[in-house]
Amino acid sequence: AFKVAMIKEIEDQWDNGNFWLIKHSEVPSNKNILLGVWALRRKRDVLTQVVKKHKAHWNLDGSKQQHGIDFDQTYSPTANWPSIWLLLTLTLLNGWHTKQLDFIQAFPQAKISHQPYVELPKGIQIDGIDPQDWVFEVLNNVYGGKDAGRQWYLHLKDMLELIGFKHSAYNECTFFRGRVMYTLYTDDTILAGPTEEELDDCILDMQHAGLILTVEGKLANFLGVNITRHDDGSFELTQPRLIDSVITEAFCTDQELPTPKVVPMASSKLWSRHPESDDFQGPYQVRQIVGKLNFLANSTRADIAYATHQIARFVSCPKVEHGKAIE
């Protein structure tokens with residue numbers, strides 16, 4: 001399945017004119033020839049974990065890029081959870097409709113800031129071409145570049161403004177057109193508005209502007225969060241997979257789980273460094289567990305925010321007491 005996805009990735013990028021072949025000897029002397037790497041992943045349903053799609057992205061190895069030669073600026077904004085909550089709240093209060101969009105080959109839809117040259121992708125054989133003698137001259141933005149996210153954001157912002165969206169003065173990833181609200185997190189995006197017709201008009205205008213996208217239907221899975229809309233119009237946000245992974249990493253399969261508590265810890269409790277205690281020697285990486293807990297606290301489990309903040313202060317040198325607090 002991944003082999004098919006890899007071939008489709010190269011064919012799509014070739015058909016879209018994202019690169020062409022030139023001889024190795026024709027590369028300018030002041031240009032580096034960068035490596036290309038594959039990023040393969042299975043896209044699963046958040047609740048059932050059934051594999052919905054095998055995805056393959058051919059990426060630039062940005063680790064070899066040099067500032068001023070291969071890129072200039074790298075900053076690219078992404079939506080924060082308060083802006084997503086605001087969209088959901090307005091949808092709930094006003095009885096709005098939602099649609100989730102997925103951009104096909106999002107980053108290559110944008111122009112590139114500095115033209116790179118990249119070795120041919122491994123695992124793909126091009127008839128009559130010796131990989132040692134040829135390279136790709138990349139013409140459009142490509143995944144993996146240090147400024148790839150920024151170039152895509154600037155391109156999408158320009159296209160949205162071209163079709164009448166106005167940029168929020170308070171959030172760089174929120175746009176408005178009439179009564180329609182649009183929020184984006186890189187290439188994961190949500191449209192919300194009073195009627196299906198208004199949303200469809202926006203989508204049609206986006207396509208006419210040159211944006212290549214598919215409509216995923218009503219809002220369901222966003223940034224790893226399962227969003228369920230009940231019959232009464234309310235939303236329920238859950239992250240069962242992430243919570244299960246935290247429990248699996250923190251506890252052995254034969255270990256008895258602690259008794260769940262409604263309140264994770266008393267708000268009057270302040271943890272100290274415990275410099276005299278033994279270092280934590282648990283079966284998991286404290287930084288990794290705390291990072292997942294922090295994402296949960298910021299997205300769907302605000303009730304653990306204080307406890308997570310307290311533990312996060314000591315991830316550089318966790319002691320036994322901190323390990324027990326995590327559990």
# chains A, B, ... in the order shown; residues from 1 in each chain; ligands from 1
>>> residues_around(residues="range 90-96 of chain A", least_positions_apart="6", cutoff="7 Å", atoms="only C-alpha atoms", output="mmCIF file with N, CA and C atoms, in the first residue's frame")
data_model
loop_
_atom_site.group_PDB
_atom_site.id
_atom_site.type_symbol
_atom_site.label_atom_id
_atom_site.label_comp_id
_atom_site.auth_asym_id
_atom_site.auth_seq_id
_atom_site.Cartn_x
_atom_site.Cartn_y
_atom_site.Cartn_z
ATOM 1 N N ALA A 192 -17.192 27.296 9.007
ATOM 2 C CA ALA A 192 -18.431 27.302 9.773
ATOM 3 C C ALA A 192 -19.267 28.511 9.345
ATOM 4 N N GLY A 193 -20.562 28.288 9.208
ATOM 5 C CA GLY A 193 -21.443 29.381 8.810
ATOM 6 C C GLY A 193 -22.902 29.004 8.943
ATOM 7 N N PRO A 194 -23.802 29.980 8.781
ATOM 8 C CA PRO A 194 -25.233 29.769 9.017
ATOM 9 C C PRO A 194 -25.895 28.763 8.080
ATOM 10 N N THR A 195 -25.458 28.704 6.799
ATOM 11 C CA THR A 195 -26.134 27.831 5.836
ATOM 12 C C THR A 195 -25.120 27.015 5.039
ATOM 13 N N GLY A 233 -27.403 19.488 19.428
ATOM 14 C CA GLY A 233 -26.527 20.515 18.883
ATOM 15 C C GLY A 233 -25.220 20.694 19.612
ATOM 16 N N SER A 234 -25.077 20.067 20.778
ATOM 17 C CA SER A 234 -23.850 20.234 21.569
ATOM 18 C C SER A 234 -22.699 19.432 20.973
#
>>> residues_around(residues="range 105-118 of chain A", least_positions_apart="4", cutoff="6 Å", atoms="only C-alpha atoms", output="number ranges by chain")
A: 33-35, 70, 135-138, 140-142, 152, 155
>>> closest_residue(among="A:Glu196, A:Lys292, A:Gln285, A:Ile10", to="Arg241 in chain A", atoms="only C-alpha atoms")
A:Lys292
>>> closest_residue(among="A:Val50, A:Leu219, A:Ile311, A:Ile84", to="Lys269 in chain A", atoms="only C-alpha atoms")
A:Ile311
>>> closest_residue(among="A:Leu191, A:Val180, A:Ile7, A:Leu156", to="His54 in chain A", atoms="only C-alpha atoms")
A:Ile7
